[in-house]
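First the structure, in the form of structure tokens, and then the observations on it.
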Amino acid sequence: MVSEFHLPIVTCRLPTNKNEVVNLREKMKVAVVQAGSILFNTPATLEKMKRLIAEASAGGARLILFPEAFIGGYPRGLGFGTVVGSRSPHGREQWLDYYRSAVEIPGPEIAAIGSWAKQHKVYIAAGVIERSGGTLYCTLAYWGPDGNLLHYHRKLKPTASERLIWGEGQGKDLQVLDTELGKVGGLICWENYMPLARMAFYEQQVELYLAPTADQRDTWLPSMQHIACEGRCFVLTCNQFVNKTMYPADYQSEIEGLSDIVSRGGSAIVDPLGTVIAGPIWDQERIVAADIDLKAIAKGKFDFDVTGHYARPDVFNFDWKMKADH
């Protein structure tokens, strides 16, 4: 049973003229939800997500981003009984817990999230641990305000020990979605350090660039500012806040060596010139929101357009062809 709670919403507002007509493809509120999964308890995590969607929507958000691996969990600190050359029976039992926490696409959990998107008439993007056969993938899924699953992307390369638990994506799903809010696309965590993956999104003229992550380092936010400047796009980055008490009791001995705050967050929203307009938020669960104006993208491209007047195709050849997978 999960107790009721409400997250504070931190909002950066644009100055507006009350007589000005708002264009949905220009001005809107977006939100990132810095909250932790209930590890190994997907039904409880979904109930938490349902409440958070309602809260962000009530605050006026049209697009709501959740962190990497929010559904299914990011099992930071767990080794699943694995060292080079061997696996333990106890580790396989832990793996079974994690496997059962994952969701299939399509599936009832995915449909439930779609129903909340439809209820609140919002776009939702969230990190989910996807189960396909015997393999788990770290996936970013998108839902539209009609309740439909619009798209999902599997992380191309799990980082370091993540390779013990997640398979690799094929890269055929690097599409930017053309929505009524603008062109939306995202990469997961350290995929954002892959220059050609970013370029695939810039080539598609991404406007709302989503970067759900598990990276809590001080170096992460400057990277997001660089991407915003490089792509002349709004960047929404979102991480979980997790402390030790949020792990199940029978896993406490596994995480003794971790700090009390396991993941400190750092969620933020950055404008196309690299200015942080909301966040970063540390050491707490919170919804971070900002009013944005897509006209800032065109203004930013006046002096830098990475796939336009700054591209130099006579020197560099970027040959990337979108191949739909889903």
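Following the order of the structure tokens, chains are lettered A, B, ..., residues in each are numbered from 1, and ligands are numbered from 1.
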
- request: Give me every helix (DSSP H, G or I) residue in range 138-281 of chain A, going by DSSP on the backbone, as an NGL selection string.
  value: :A and (160-164 or 189-193 or 195-203 or 220-231 or 244-246 or 249-255)

**Message:** Based on the backbone DSSP call, show me all residues of range 38-166 of chain A assigned strand (DSSP E or B), as a count of residues only.
**Reply:** 34

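Of the listed residues A:Ile255, A:Leu273, A:Ala197, A:Ile110, the one whose atoms come nearest to Cys233 in chain A is A:Leu273, with distances taken using only C-alpha atoms.
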
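If only C-alpha atoms are the atoms counted, then among A:Leu187, A:Val270, A:Ala35, A:Cys229 the closest residue to Trp282 in chain A is A:Ala35.
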
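Atom pair CA of Ser88 in chain A / CA of Ile261 in chain A: separated by 27.6 Å.
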
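With only C-alpha atoms as the atoms that count, the residue of A:Phe70, A:Tyr193, A:Tyr99, A:Trp166 with the shortest distance to Gly127 in chain A is A:Phe70.
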
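Among the candidates A:Asn243, A:Ser101, A:Asn148, A:Thr45, the one nearest to Ile129 in chain A when counting only C-alpha atoms is A:Ser101.
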
Would you kindly return, as a short mmCIF file (atom, residue, chain, number, x, y, z; two decimals) with N, CA and C atoms, in the first residue's frame, each protein, DNA or RNA residue with an atom no farther than 10 Å from any atom of Gln284 in chain A, considering only C-alpha atoms and excluding same-chain residues fewer than 5 positions away?
data_model
loop_
_atom_site.label_atom_id
_atom_site.label_comp_id
_atom_site.auth_asym_id
_atom_site.auth_seq_id
_atom_site.Cartn_x
_atom_site.Cartn_y
_atom_site.Cartn_z
N LEU A 7 3.51 16.05 -4.82
CA LEU A 7 4.80 16.67 -5.07
C LEU A 7 4.62 18.15 -5.34
N PRO A 8 5.50 18.98 -4.78
CA PRO A 8 5.47 20.40 -5.15
C PRO A 8 5.83 20.56 -6.61
N GLN A 34 10.50 14.27 -11.29
CA GLN A 34 11.62 13.68 -10.56
C GLN A 34 11.05 12.89 -9.39
N ALA A 35 10.93 11.59 -9.59
CA ALA A 35 10.35 10.71 -8.58
C ALA A 35 10.95 9.32 -8.76
N GLY A 36 10.88 8.53 -7.70
CA GLY A 36 11.48 7.21 -7.72
C GLY A 36 10.47 6.11 -7.95
N GLN A 240 15.52 10.02 -11.53
CA GLN A 240 14.79 9.60 -10.34
C GLN A 240 15.43 10.18 -9.07
N PHE A 241 14.61 10.40 -8.06
CA PHE A 241 15.12 10.58 -6.70
C PHE A 241 14.80 9.30 -5.94
N VAL A 242 15.85 8.68 -5.39
CA VAL A 242 15.69 7.41 -4.68
C VAL A 242 16.57 7.44 -3.44
N ASN A 243 16.04 6.97 -2.32
CA ASN A 243 16.88 6.74 -1.14
C ASN A 243 16.76 5.27 -0.73
N ILE A 261 21.15 8.56 0.10
CA ILE A 261 20.48 8.98 -1.13
C ILE A 261 21.14 8.25 -2.29
N SER A 263 19.96 7.99 -5.54
CA SER A 263 19.93 8.80 -6.75
C SER A 263 19.38 10.17 -6.38
N ARG A 264 20.16 11.22 -6.61
CA ARG A 264 19.81 12.55 -6.09
C ARG A 264 19.05 13.42 -7.07
N GLY A 265 18.81 12.92 -8.28
CA GLY A 265 18.00 13.67 -9.24
C GLY A 265 18.83 14.55 -10.14
N GLY A 266 18.47 15.84 -10.20
CA GLY A 266 19.13 16.77 -11.10
C GLY A 266 18.30 17.13 -12.32
#

Exercise for the section: Skip Lys118 in chain A itself and residues of its chain fewer than 3 positions away, then list as a PyMOL selection string all residues within 6 Å of it, counting only C-alpha atoms. Expected result: chain A and resi 115+121+145-147

Could you take the residues named above and write them with C-alpha atoms, as a PDB file, in the first residue's frame?
ATOM      1  CA  SER A 115      -5.768   5.794 -20.592  1.00  0.00           C
ATOM      2  CA  LYS A 121      -5.330  15.071 -22.718  1.00  0.00           C
ATOM      3  CA  PRO A 145      -3.570  12.568 -25.776  1.00  0.00           C
ATOM      4  CA  ASP A 146      -5.800  10.125 -27.655  1.00  0.00           C
ATOM      5  CA  GLY A 147      -4.438   7.351 -25.421  1.00  0.00           C
TER       6      GLY A 147
END

Spatial neighbours of Ala56 in chain A, max dist 10 Å, only C-alpha atoms, sep filter under 6 positions, as an NGL selection string:
:A and (7-9 or 29-33 or 62-65 or 120 or 122 or 287-289)

- Message: Set the distance at 12 Å and use only C-alpha atoms: which residues neighbour Leu149 in chain A once local chain neighbours fewer than 2 positions away are removed? I'd like the list as an MDAnalysis selection string.
- Response: chainID A and resid 105:118 123:126 140:147 151:153 177 326

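You will find CA of Phe66 in chain A at 8.7 Å from CA of Met49 in chain A.
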
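Closest to His226 in chain A among A:Arg87, A:Glu68, A:Pro272, A:Ala214 is A:Pro272, based on only C-alpha atoms.
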
Just want the 12 Å neighbourhood of Gly81 in chain A, counted on only C-alpha atoms, with same-chain residues fewer than 3 positions away dropped. Output as a PDB file with C-alpha atoms, in the first residue's frame.
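The file below, out.pdb, is the result:
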ATOM      1  CA  GLY A  77      23.749  -1.096  -6.470  1.00  0.00           C
ATOM      2  CA  LEU A  78      22.596  -4.629  -7.285  1.00  0.00           C
ATOM      3  CA  VAL A  84      33.158 -12.381 -14.522  1.00  0.00           C
ATOM      4  CA  GLY A  85      32.788 -16.075 -15.271  1.00  0.00           C
ATOM      5  CA  SER A  86      29.981 -17.016 -12.886  1.00  0.00           C
ATOM      6  CA  ARG A  87      26.411 -16.336 -11.714  1.00  0.00           C
ATOM      7  CA  SER A  88      24.935 -17.334  -8.354  1.00  0.00           C
ATOM      8  CA  PRO A  89      21.570 -19.054  -7.682  1.00  0.00           C
ATOM      9  CA  HIS A  90      20.637 -16.164  -5.371  1.00  0.00           C
ATOM     10  CA  GLY A  91      21.400 -13.710  -8.177  1.00  0.00           C
ATOM     11  CA  ARG A  92      19.097 -15.623 -10.502  1.00  0.00           C
ATOM     12  CA  GLU A  93      16.293 -15.268  -7.942  1.00  0.00           C
ATOM     13  CA  GLN A  94      16.900 -11.522  -7.848  1.00  0.00           C
ATOM     14  CA  TRP A  95      16.878 -11.445 -11.624  1.00  0.00           C
ATOM     15  CA  LEU A 164      24.216  -7.627 -17.400  1.00  0.00           C
ATOM     16  CA  ILE A 165      20.483  -6.963 -17.368  1.00  0.00           C
ATOM     17  CA  GLU A 254      22.669  -5.655  -0.878  1.00  0.00           C
TER      18      GLU A 254
END
